[in-house]
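Shown next: final34.cif, given as mmCIF, N, CA and C atoms.
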data_target
loop_
_atom_site.label_atom_id
_atom_site.label_comp_id
_atom_site.auth_asym_id
_atom_site.auth_seq_id
_atom_site.Cartn_x
_atom_site.Cartn_y
_atom_site.Cartn_z
N MET A 46 23.00 0.00 -6.48
CA MET A 46 21.57 0.12 -6.54
C MET A 46 21.11 1.13 -5.48
N THR A 47 20.37 2.14 -5.91
CA THR A 47 19.86 3.16 -5.01
C THR A 47 18.34 3.08 -4.95
N ILE A 48 17.79 2.87 -3.74
CA ILE A 48 16.35 2.81 -3.53
C ILE A 48 15.91 4.13 -2.91
N THR A 49 14.91 4.76 -3.53
CA THR A 49 14.31 5.97 -2.96
C THR A 49 12.81 5.76 -2.87
N THR A 50 12.19 6.46 -1.92
CA THR A 50 10.74 6.45 -1.81
C THR A 50 10.26 7.89 -1.82
N ARG A 51 9.06 8.08 -2.37
CA ARG A 51 8.48 9.42 -2.42
C ARG A 51 6.98 9.29 -2.60
N LEU A 52 6.30 10.41 -2.42
CA LEU A 52 4.88 10.45 -2.73
C LEU A 52 4.71 10.34 -4.23
N ALA A 53 3.80 9.50 -4.66
CA ALA A 53 3.52 9.38 -6.08
C ALA A 53 2.76 10.62 -6.55
N THR A 54 2.87 10.91 -7.83
CA THR A 54 2.16 12.02 -8.44
C THR A 54 1.32 11.48 -9.60
N GLU A 55 0.50 12.34 -10.16
CA GLU A 55 -0.34 11.90 -11.28
C GLU A 55 0.51 11.39 -12.45
N ALA A 56 1.69 11.95 -12.63
CA ALA A 56 2.58 11.49 -13.70
C ALA A 56 3.02 10.04 -13.49
N ASP A 57 2.91 9.53 -12.26
CA ASP A 57 3.31 8.16 -11.95
C ASP A 57 2.21 7.14 -12.18
N VAL A 58 1.02 7.58 -12.54
CA VAL A 58 -0.11 6.65 -12.67
C VAL A 58 0.20 5.48 -13.61
N PRO A 59 0.78 5.68 -14.79
CA PRO A 59 1.10 4.50 -15.62
C PRO A 59 2.02 3.50 -14.92
N ALA A 60 3.02 3.97 -14.23
CA ALA A 60 3.92 3.07 -13.50
C ALA A 60 3.19 2.37 -12.35
N LEU A 61 2.32 3.10 -11.66
CA LEU A 61 1.54 2.49 -10.58
C LEU A 61 0.63 1.40 -11.13
N LEU A 62 -0.03 1.67 -12.24
CA LEU A 62 -0.91 0.67 -12.84
C LEU A 62 -0.12 -0.58 -13.24
N ALA A 63 1.08 -0.41 -13.76
CA ALA A 63 1.91 -1.56 -14.12
C ALA A 63 2.28 -2.37 -12.88
N LEU A 64 2.63 -1.70 -11.79
CA LEU A 64 2.95 -2.41 -10.56
C LEU A 64 1.73 -3.15 -10.02
N LEU A 65 0.58 -2.49 -10.02
CA LEU A 65 -0.64 -3.09 -9.49
C LEU A 65 -1.09 -4.29 -10.31
N ARG A 66 -0.72 -4.35 -11.58
CA ARG A 66 -1.03 -5.53 -12.40
C ARG A 66 -0.30 -6.75 -11.87
N GLU A 67 0.86 -6.55 -11.25
CA GLU A 67 1.56 -7.69 -10.65
C GLU A 67 0.80 -8.23 -9.44
N LEU A 68 0.10 -7.35 -8.76
CA LEU A 68 -0.69 -7.76 -7.60
C LEU A 68 -2.01 -8.39 -8.03
N HIS A 69 -2.64 -7.82 -9.04
CA HIS A 69 -3.94 -8.28 -9.53
C HIS A 69 -3.91 -8.40 -11.05
N PRO A 70 -3.26 -9.43 -11.58
CA PRO A 70 -3.09 -9.53 -13.03
C PRO A 70 -4.39 -9.69 -13.82
N ASP A 71 -5.44 -10.13 -13.18
CA ASP A 71 -6.71 -10.34 -13.90
C ASP A 71 -7.62 -9.12 -13.88
N ASP A 72 -7.21 -8.07 -13.20
CA ASP A 72 -8.04 -6.86 -13.16
C ASP A 72 -8.14 -6.23 -14.55
N VAL A 73 -9.27 -5.62 -14.80
CA VAL A 73 -9.45 -4.84 -16.02
C VAL A 73 -8.59 -3.58 -15.89
N VAL A 74 -7.83 -3.27 -16.91
CA VAL A 74 -7.00 -2.07 -16.90
C VAL A 74 -7.91 -0.87 -17.16
N PRO A 75 -7.90 0.12 -16.27
CA PRO A 75 -8.77 1.28 -16.49
C PRO A 75 -8.30 2.11 -17.68
N SER A 76 -9.25 2.78 -18.30
CA SER A 76 -8.88 3.71 -19.38
C SER A 76 -8.05 4.84 -18.78
N ALA A 77 -7.37 5.56 -19.64
CA ALA A 77 -6.58 6.71 -19.17
C ALA A 77 -7.47 7.72 -18.48
N THR A 78 -8.67 7.92 -19.00
CA THR A 78 -9.62 8.87 -18.41
C THR A 78 -10.05 8.40 -17.02
N ALA A 79 -10.40 7.12 -16.91
CA ALA A 79 -10.83 6.59 -15.61
C ALA A 79 -9.70 6.62 -14.60
N ALA A 80 -8.49 6.28 -15.03
CA ALA A 80 -7.33 6.30 -14.12
C ALA A 80 -7.05 7.71 -13.64
N ALA A 81 -7.14 8.69 -14.55
CA ALA A 81 -6.88 10.09 -14.17
C ALA A 81 -7.95 10.56 -13.18
N ALA A 82 -9.19 10.19 -13.41
CA ALA A 82 -10.26 10.59 -12.49
C ALA A 82 -10.06 9.94 -11.12
N ALA A 83 -9.67 8.67 -11.11
CA ALA A 83 -9.41 7.99 -9.83
C ALA A 83 -8.25 8.65 -9.11
N TRP A 84 -7.20 8.99 -9.85
CA TRP A 84 -6.05 9.65 -9.23
C TRP A 84 -6.47 10.97 -8.59
N ARG A 85 -7.24 11.76 -9.29
CA ARG A 85 -7.66 13.05 -8.74
C ARG A 85 -8.49 12.85 -7.47
N ALA A 86 -9.34 11.83 -7.45
CA ALA A 86 -10.13 11.54 -6.25
C ALA A 86 -9.21 11.13 -5.10
N ILE A 87 -8.24 10.29 -5.38
CA ILE A 87 -7.29 9.86 -4.35
C ILE A 87 -6.50 11.06 -3.83
N ALA A 88 -5.98 11.85 -4.74
CA ALA A 88 -5.15 13.00 -4.36
C ALA A 88 -5.93 14.01 -3.53
N GLY A 89 -7.25 14.05 -3.71
CA GLY A 89 -8.08 15.00 -2.97
C GLY A 89 -8.49 14.53 -1.59
N GLN A 90 -8.16 13.31 -1.23
CA GLN A 90 -8.55 12.77 0.07
C GLN A 90 -7.53 13.16 1.15
N PRO A 91 -7.98 13.86 2.18
CA PRO A 91 -7.05 14.15 3.29
C PRO A 91 -6.55 12.84 3.91
N GLY A 92 -5.28 12.79 4.21
CA GLY A 92 -4.71 11.62 4.87
C GLY A 92 -4.34 10.49 3.94
N ARG A 93 -4.50 10.66 2.67
CA ARG A 93 -4.19 9.60 1.70
C ARG A 93 -2.82 9.85 1.10
N ALA A 94 -2.01 8.81 1.04
CA ALA A 94 -0.67 8.91 0.46
C ALA A 94 -0.35 7.62 -0.28
N ILE A 95 -0.11 7.74 -1.55
CA ILE A 95 0.40 6.59 -2.31
C ILE A 95 1.89 6.82 -2.46
N LEU A 96 2.64 5.89 -1.93
CA LEU A 96 4.10 5.98 -1.95
C LEU A 96 4.64 5.14 -3.09
N LEU A 97 5.69 5.62 -3.69
CA LEU A 97 6.35 4.93 -4.80
C LEU A 97 7.81 4.72 -4.44
N ALA A 98 8.28 3.50 -4.60
CA ALA A 98 9.70 3.20 -4.44
C ALA A 98 10.31 3.08 -5.82
N GLU A 99 11.49 3.65 -5.96
CA GLU A 99 12.22 3.57 -7.22
C GLU A 99 13.60 2.99 -6.98
N VAL A 100 14.05 2.20 -7.90
CA VAL A 100 15.41 1.67 -7.89
C VAL A 100 16.12 2.32 -9.07
N ASP A 101 17.11 3.10 -8.73
CA ASP A 101 17.85 3.84 -9.76
C ASP A 101 16.91 4.59 -10.71
N GLY A 102 15.87 5.19 -10.13
CA GLY A 102 14.94 6.01 -10.89
C GLY A 102 13.82 5.27 -11.59
N VAL A 103 13.73 3.95 -11.44
CA VAL A 103 12.70 3.14 -12.09
C VAL A 103 11.72 2.63 -11.03
N ALA A 104 10.42 2.76 -11.32
CA ALA A 104 9.38 2.32 -10.37
C ALA A 104 9.57 0.85 -10.03
N ALA A 105 9.63 0.56 -8.72
CA ALA A 105 9.90 -0.80 -8.27
C ALA A 105 8.87 -1.30 -7.26
N GLY A 106 8.09 -0.41 -6.66
CA GLY A 106 7.10 -0.84 -5.68
C GLY A 106 6.23 0.32 -5.25
N THR A 107 5.12 -0.03 -4.63
CA THR A 107 4.19 0.98 -4.16
C THR A 107 3.42 0.49 -2.95
N VAL A 108 2.88 1.42 -2.20
CA VAL A 108 1.99 1.13 -1.09
C VAL A 108 1.01 2.30 -0.97
N ASP A 109 -0.24 1.97 -0.70
CA ASP A 109 -1.30 2.96 -0.55
C ASP A 109 -1.61 3.09 0.94
N CYS A 110 -1.49 4.28 1.47
CA CYS A 110 -1.68 4.53 2.90
C CYS A 110 -2.85 5.49 3.11
N ALA A 111 -3.75 5.12 3.97
CA ALA A 111 -4.87 5.99 4.30
C ALA A 111 -4.88 6.22 5.81
N THR A 112 -4.63 7.44 6.21
CA THR A 112 -4.68 7.81 7.63
C THR A 112 -6.08 8.30 7.93
N LEU A 113 -6.72 7.65 8.89
CA LEU A 113 -8.12 7.91 9.18
C LEU A 113 -8.32 8.49 10.57
N PRO A 114 -9.14 9.54 10.68
CA PRO A 114 -9.48 10.07 12.01
C PRO A 114 -10.21 9.00 12.81
N ASN A 115 -10.21 9.17 14.11
CA ASN A 115 -10.71 8.12 14.99
C ASN A 115 -11.20 8.72 16.30
N LEU A 116 -12.24 8.15 16.88
CA LEU A 116 -12.75 8.64 18.16
C LEU A 116 -12.30 7.81 19.35
N THR A 117 -11.57 6.70 19.11
CA THR A 117 -11.02 5.95 20.23
C THR A 117 -9.53 6.27 20.36
N ARG A 118 -8.88 5.65 21.33
CA ARG A 118 -7.44 5.82 21.54
C ARG A 118 -7.03 7.28 21.64
N GLY A 119 -7.83 8.02 22.40
CA GLY A 119 -7.51 9.43 22.61
C GLY A 119 -7.69 10.27 21.36
N ALA A 120 -8.55 9.83 20.48
CA ALA A 120 -8.83 10.50 19.20
C ALA A 120 -7.61 10.51 18.28
N ARG A 121 -6.72 9.54 18.49
CA ARG A 121 -5.57 9.41 17.60
C ARG A 121 -5.98 8.67 16.34
N PRO A 122 -5.46 9.06 15.19
CA PRO A 122 -5.82 8.37 13.94
C PRO A 122 -5.13 7.01 13.85
N PHE A 123 -5.56 6.25 12.84
CA PHE A 123 -4.89 5.01 12.51
C PHE A 123 -4.67 4.97 11.01
N MET A 124 -3.77 4.10 10.59
CA MET A 124 -3.47 3.99 9.16
C MET A 124 -3.88 2.62 8.64
N LEU A 125 -4.52 2.63 7.49
CA LEU A 125 -4.79 1.41 6.74
C LEU A 125 -3.79 1.36 5.59
N VAL A 126 -3.17 0.21 5.42
CA VAL A 126 -2.22 -0.01 4.33
C VAL A 126 -2.86 -0.97 3.34
N GLU A 127 -2.79 -0.62 2.08
CA GLU A 127 -3.43 -1.42 1.03
C GLU A 127 -2.52 -1.43 -0.19
N ASN A 128 -2.75 -2.40 -1.06
CA ASN A 128 -2.05 -2.48 -2.34
C ASN A 128 -0.54 -2.38 -2.22
N VAL A 129 0.02 -3.20 -1.35
CA VAL A 129 1.47 -3.29 -1.21
C VAL A 129 1.97 -4.20 -2.33
N VAL A 130 2.84 -3.68 -3.16
CA VAL A 130 3.38 -4.50 -4.25
C VAL A 130 4.81 -4.07 -4.55
N VAL A 131 5.66 -5.06 -4.72
CA VAL A 131 7.03 -4.85 -5.19
C VAL A 131 7.16 -5.65 -6.47
N ALA A 132 7.68 -5.02 -7.50
CA ALA A 132 7.87 -5.71 -8.78
C ALA A 132 8.68 -6.98 -8.55
N ALA A 133 8.30 -8.05 -9.24
CA ALA A 133 8.93 -9.36 -9.03
C ALA A 133 10.45 -9.29 -9.11
N ARG A 134 10.97 -8.52 -10.04
CA ARG A 134 12.44 -8.49 -10.21
C ARG A 134 13.14 -7.71 -9.11
N HIS A 135 12.37 -7.01 -8.25
CA HIS A 135 12.98 -6.24 -7.17
C HIS A 135 12.69 -6.81 -5.78
N ARG A 136 12.02 -7.95 -5.73
CA ARG A 136 11.71 -8.53 -4.41
C ARG A 136 12.99 -9.01 -3.73
N ARG A 137 12.97 -8.92 -2.42
CA ARG A 137 14.10 -9.33 -1.57
C ARG A 137 15.36 -8.51 -1.84
N SER A 138 15.13 -7.24 -2.22
CA SER A 138 16.28 -6.36 -2.49
C SER A 138 16.25 -5.11 -1.61
N GLY A 139 15.26 -5.03 -0.70
CA GLY A 139 15.15 -3.87 0.17
C GLY A 139 14.06 -2.90 -0.22
N VAL A 140 13.40 -3.12 -1.35
CA VAL A 140 12.34 -2.20 -1.79
C VAL A 140 11.16 -2.25 -0.82
N GLY A 141 10.71 -3.44 -0.44
CA GLY A 141 9.60 -3.56 0.50
C GLY A 141 9.93 -2.92 1.84
N THR A 142 11.15 -3.10 2.28
CA THR A 142 11.59 -2.50 3.54
C THR A 142 11.56 -0.98 3.44
N ALA A 143 12.03 -0.44 2.33
CA ALA A 143 11.99 1.02 2.15
C ALA A 143 10.56 1.54 2.12
N LEU A 144 9.67 0.82 1.45
CA LEU A 144 8.26 1.25 1.41
C LEU A 144 7.62 1.20 2.79
N MET A 145 7.86 0.11 3.52
CA MET A 145 7.24 -0.01 4.84
C MET A 145 7.79 1.05 5.79
N ALA A 146 9.09 1.33 5.71
CA ALA A 146 9.68 2.38 6.54
C ALA A 146 9.05 3.73 6.22
N ALA A 147 8.81 4.00 4.94
CA ALA A 147 8.19 5.26 4.55
C ALA A 147 6.75 5.33 5.04
N ALA A 148 6.02 4.22 4.95
CA ALA A 148 4.63 4.19 5.43
C ALA A 148 4.59 4.43 6.94
N PHE A 149 5.48 3.78 7.68
CA PHE A 149 5.52 3.98 9.13
C PHE A 149 5.93 5.40 9.48
N ALA A 150 6.76 6.01 8.68
CA ALA A 150 7.13 7.41 8.92
C ALA A 150 5.91 8.32 8.74
N VAL A 151 5.13 8.07 7.70
CA VAL A 151 3.90 8.85 7.49
C VAL A 151 2.95 8.65 8.67
N ALA A 152 2.80 7.41 9.11
CA ALA A 152 1.92 7.12 10.26
C ALA A 152 2.42 7.82 11.52
N GLY A 153 3.72 7.79 11.73
CA GLY A 153 4.28 8.46 12.91
C GLY A 153 4.07 9.96 12.88
N GLU A 154 4.29 10.57 11.71
CA GLU A 154 4.09 12.02 11.57
C GLU A 154 2.64 12.40 11.82
N ALA A 155 1.72 11.50 11.47
CA ALA A 155 0.29 11.78 11.67
C ALA A 155 -0.17 11.46 13.08
N GLY A 156 0.69 10.87 13.90
CA GLY A 156 0.32 10.53 15.27
C GLY A 156 -0.55 9.28 15.37
N CYS A 157 -0.47 8.40 14.38
CA CYS A 157 -1.29 7.19 14.38
C CYS A 157 -0.93 6.30 15.56
N TYR A 158 -1.96 5.64 16.08
CA TYR A 158 -1.71 4.70 17.16
C TYR A 158 -1.50 3.28 16.64
N LYS A 159 -1.89 3.01 15.38
CA LYS A 159 -1.64 1.70 14.80
C LYS A 159 -1.62 1.80 13.28
N VAL A 160 -1.00 0.79 12.70
CA VAL A 160 -1.02 0.59 11.25
C VAL A 160 -1.59 -0.81 11.05
N GLN A 161 -2.58 -0.93 10.19
CA GLN A 161 -3.13 -2.26 9.96
C GLN A 161 -3.27 -2.52 8.47
N LEU A 162 -3.26 -3.81 8.14
CA LEU A 162 -3.42 -4.22 6.76
C LEU A 162 -4.07 -5.59 6.73
N LEU A 163 -4.59 -5.92 5.57
CA LEU A 163 -5.10 -7.26 5.30
C LEU A 163 -4.24 -7.86 4.21
N SER A 164 -4.10 -9.17 4.24
CA SER A 164 -3.34 -9.87 3.21
C SER A 164 -4.05 -11.19 2.92
N ARG A 165 -4.15 -11.51 1.65
CA ARG A 165 -4.82 -12.76 1.26
C ARG A 165 -4.13 -13.96 1.89
N SER A 166 -4.92 -14.97 2.19
CA SER A 166 -4.39 -16.24 2.68
C SER A 166 -3.45 -16.84 1.64
N GLY A 167 -2.47 -17.58 2.12
CA GLY A 167 -1.57 -18.28 1.23
C GLY A 167 -0.38 -17.48 0.75
N ARG A 168 -0.28 -16.22 1.14
CA ARG A 168 0.85 -15.39 0.71
C ARG A 168 1.93 -15.44 1.79
N ASP A 169 2.49 -16.62 1.97
CA ASP A 169 3.39 -16.86 3.10
C ASP A 169 4.60 -15.94 3.13
N ALA A 170 5.21 -15.66 1.98
CA ALA A 170 6.38 -14.78 1.96
C ALA A 170 5.99 -13.37 2.38
N ALA A 171 4.86 -12.89 1.88
CA ALA A 171 4.39 -11.56 2.27
C ALA A 171 4.07 -11.52 3.76
N HIS A 172 3.44 -12.58 4.26
CA HIS A 172 3.10 -12.61 5.69
C HIS A 172 4.36 -12.60 6.55
N ALA A 173 5.36 -13.34 6.15
CA ALA A 173 6.62 -13.34 6.90
C ALA A 173 7.24 -11.94 6.89
N PHE A 174 7.16 -11.26 5.75
CA PHE A 174 7.68 -9.90 5.67
C PHE A 174 6.91 -8.99 6.62
N TYR A 175 5.58 -9.04 6.60
CA TYR A 175 4.78 -8.19 7.48
C TYR A 175 5.09 -8.49 8.95
N GLU A 176 5.24 -9.76 9.28
CA GLU A 176 5.56 -10.12 10.66
C GLU A 176 6.93 -9.60 11.07
N SER A 177 7.85 -9.51 10.12
CA SER A 177 9.17 -8.96 10.44
C SER A 177 9.07 -7.48 10.80
N TRP A 178 7.98 -6.84 10.40
CA TRP A 178 7.72 -5.44 10.74
C TRP A 178 6.86 -5.29 11.99
N GLY A 179 6.60 -6.39 12.67
CA GLY A 179 5.85 -6.33 13.92
C GLY A 179 4.36 -6.53 13.76
N PHE A 180 3.87 -6.75 12.54
CA PHE A 180 2.45 -7.05 12.36
C PHE A 180 2.18 -8.43 12.92
N ARG A 181 1.01 -8.58 13.53
CA ARG A 181 0.58 -9.86 14.06
C ARG A 181 -0.84 -10.14 13.58
N ALA A 182 -1.11 -11.41 13.35
CA ALA A 182 -2.46 -11.81 12.95
C ALA A 182 -3.31 -11.86 14.22
N GLY A 183 -3.67 -10.68 14.72
CA GLY A 183 -4.38 -10.59 15.99
C GLY A 183 -5.86 -10.31 15.85
N ALA A 184 -6.38 -10.44 14.65
CA ALA A 184 -7.80 -10.18 14.42
C ALA A 184 -8.28 -11.09 13.30
N ARG A 185 -9.55 -11.13 13.13
CA ARG A 185 -10.12 -11.90 12.03
C ARG A 185 -10.66 -10.91 11.02
N GLY A 186 -10.18 -10.97 9.81
CA GLY A 186 -10.61 -10.03 8.79
C GLY A 186 -11.74 -10.57 7.95
N TYR A 187 -12.60 -9.68 7.53
CA TYR A 187 -13.71 -10.05 6.67
C TYR A 187 -13.76 -9.11 5.48
N ARG A 188 -14.17 -9.67 4.34
CA ARG A 188 -14.35 -8.86 3.13
C ARG A 188 -15.66 -9.29 2.50
N ARG A 189 -16.29 -8.34 1.89
CA ARG A 189 -17.44 -8.65 1.05
C ARG A 189 -17.30 -7.85 -0.23
N TYR A 190 -16.99 -8.53 -1.31
CA TYR A 190 -16.85 -7.86 -2.59
C TYR A 190 -18.24 -7.57 -3.14
N LEU A 191 -18.39 -6.43 -3.75
CA LEU A 191 -19.70 -5.98 -4.20
C LEU A 191 -19.97 -6.26 -5.66
N ASP A 192 -19.04 -6.87 -6.36
CA ASP A 192 -19.32 -7.30 -7.73
C ASP A 192 -18.51 -8.50 -8.11
#
Can you turn what I pasted into C-alpha cells?
Amino acid sequence: MTITTRLATEADVPALLALLRELHPDDVVPSATAAAAAWRAIAGQPGRAILLAEVDGVAAGTVDCATLPNLTRGARPFMLVENVVVAARHRRSGVGTALMAAAFAVAGEAGCYKVQLLSRSGRDAAHAFYESWGFRAGARGYRRYLD
C-alpha cells in the first residue's frame, strides 16, 4: 500500500465531494456548476490548500488548510484546518498521519506560529488522533450556523 499526498486540483472535485459526504452525509450535494464555482473561489484564495491523500492512486482522505495573515505573534500567520476526513475503509492505515504531516509541512513553509482546528464533540477517535499530533483542547470554541 502506497500513500501519497498532494495539492488537490479541480479534476479532484468529484473525489473530494465523495470524501466530504463521509464527514457530512446529510449535506445537499452541490451541482457540478456550483462545485466548479466553489473550487475556483477556493483555488483563488491566497494561502488556501486542499490536500488529497491517495492510496495506490485512489482518493482516501482530504484536509482543507487556510493560512491566514496575522498582526500578532510577530506578524506570523496561522493555519486553520477544516474538513479533515479519511474514507472509512482507509482509517487507521496511515492516511490521516500522511495528511496531517502534509498540512504541518505547509504551515511550516508558510512560517505559521500555530495550527488550529475545531472538532465536533463526541468524536473521541478523531480527538485522540489530533492529540497524538500535539493538539490540545486549550480554548473554548464557538460556532453560529447561519442557516
### Message
Residues of chain A classed as strand (DSSP E) by DSSP on the backbone are to be reported as a ChimeraX atom specification.
### Response
/A:48-52,93-100,103-113,123-131,160-162
### Task
Rounded to one decimal place, report the atom CA of Tyr158 of chain A-atom CA of Arg93 of chain A distance in Å.
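Computing it gives 16.4 Å between the two atoms.
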### Polymer residues at most 8 Å from (-11.2, 2.5, 8.3) by only N, CA and C atoms, as a PyMOL selection string
chain A and resi 111-114+123-125
### Query
Could you work out how far atom CA of Ala105 of chain A lies from atom N of Asp57 of chain A, giving the answer in Å with one decimal?
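Separation of atom N of Asp57 of chain A and atom CA of Ala105 of chain A: 13.1 Å.
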### Task
Name all residues at most 8 Å from Ala98 of chain A (count only C-alpha atoms; drop same-chain ones fewer than 3 positions away) and give them as a VMD selection string.
chain A and resid 48 to 51 104 to 107 140 143 to 144
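Atom CA of Cys110 of chain A lies 22.0 Å from atom CA of Leu191 of chain A.
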### Task
Enumerate the residues of chain A with a DSSP assignment of alpha helix (DSSP H), computed from the backbone, and present them as a PyMOL selection string.
chain A and resi 58-68+77-88+140-154+169-177
### Query
Can you tell me, as a list in words, which residues sit within 12 Å of (2.6, -0.8, -15.2) in the file's frame, using only C-alpha atoms?
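So the residues meeting the distance criterion are Asp57, Val58, Pro59, Ala60, Leu61, Leu62, Ala63, Leu64, Leu65, Arg66, Glu67, Leu68, His69, Pro70, Val74, Pro75, Val103, Ala104, Ala105, Gly106, Thr107, Val130, Val131 and Ala132 of chain A.
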### Task
Apply the PyMOL selection byres (((chain A and resi 168-182 and name CA) around 10) and name CA) to the structure shown and report the selected residues as a list of chain:residue names.
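Against this file, the PyMOL selection byres (((chain A and resi 168-182 and name CA) around 10) and name CA) returns the residues A:Val129, A:Val130, A:Arg137, A:Gly141, A:Thr142, A:Met145, A:Ala146, A:Phe149, A:Lys159, A:Val160, A:Gln161, A:Leu162, A:Leu163, A:Ser164, A:Arg165, A:Ser166, A:Gly167, A:Gly183, A:Ala184, A:Arg185, A:Gly186.
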For the file shown, what are the residues hit by the PyMOL selection byres (((chain A and resi 55 and name CA) around 8) and name CA), laid out as a PDB file with N, CA and C atoms, keeping the file's coordinate frame?
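Saved result, part_27.pdb, follows:
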ATOM      1  N   ALA A  53       3.800   9.500  -4.660  1.00  0.00           N
ATOM      2  CA  ALA A  53       3.520   9.380  -6.080  1.00  0.00           C
ATOM      3  C   ALA A  53       2.760  10.620  -6.550  1.00  0.00           C
ATOM      4  N   THR A  54       2.870  10.910  -7.830  1.00  0.00           N
ATOM      5  CA  THR A  54       2.160  12.020  -8.440  1.00  0.00           C
ATOM      6  C   THR A  54       1.320  11.480  -9.600  1.00  0.00           C
ATOM      7  N   ALA A  56       1.690  11.950 -12.630  1.00  0.00           N
ATOM      8  CA  ALA A  56       2.580  11.490 -13.700  1.00  0.00           C
ATOM      9  C   ALA A  56       3.020  10.040 -13.490  1.00  0.00           C
ATOM     10  N   ASP A  57       2.910   9.530 -12.260  1.00  0.00           N
ATOM     11  CA  ASP A  57       3.310   8.160 -11.950  1.00  0.00           C
ATOM     12  C   ASP A  57       2.210   7.140 -12.180  1.00  0.00           C
ATOM     13  N   VAL A  58       1.020   7.580 -12.540  1.00  0.00           N
ATOM     14  CA  VAL A  58      -0.110   6.650 -12.670  1.00  0.00           C
ATOM     15  C   VAL A  58       0.200   5.480 -13.610  1.00  0.00           C
ATOM     16  N   ALA A  81      -7.140   8.690 -14.550  1.00  0.00           N
ATOM     17  CA  ALA A  81      -6.880  10.090 -14.170  1.00  0.00           C
ATOM     18  C   ALA A  81      -7.950  10.560 -13.180  1.00  0.00           C
ATOM     19  N   TRP A  84      -7.200   8.990  -9.850  1.00  0.00           N
ATOM     20  CA  TRP A  84      -6.050   9.650  -9.230  1.00  0.00           C
ATOM     21  C   TRP A  84      -6.470  10.970  -8.590  1.00  0.00           C
ATOM     22  N   ARG A  85      -7.240  11.760  -9.290  1.00  0.00           N
ATOM     23  CA  ARG A  85      -7.660  13.050  -8.740  1.00  0.00           C
ATOM     24  C   ARG A  85      -8.490  12.850  -7.470  1.00  0.00           C
TER      25      ARG A  85
END
Taking all atoms of segment 163-175 of chain A that appear in the file, build a box with edges along x, y and z, extend it by 3 Å on every side, and state its centre and edge lengths in Å to one decimal, as AutoDock Vina command-line options.
--center_x 1.3 --center_y -12.1 --center_z 4.8 --size_x 18.8 --size_y 18.4 --size_z 14.2
### Message
Using only C-alpha atoms for the distances, tell me which of A:Ala94, A:Val126, A:Ala150, A:Val100 is nearest to Ser138 of chain A.
### Response
A:Val100
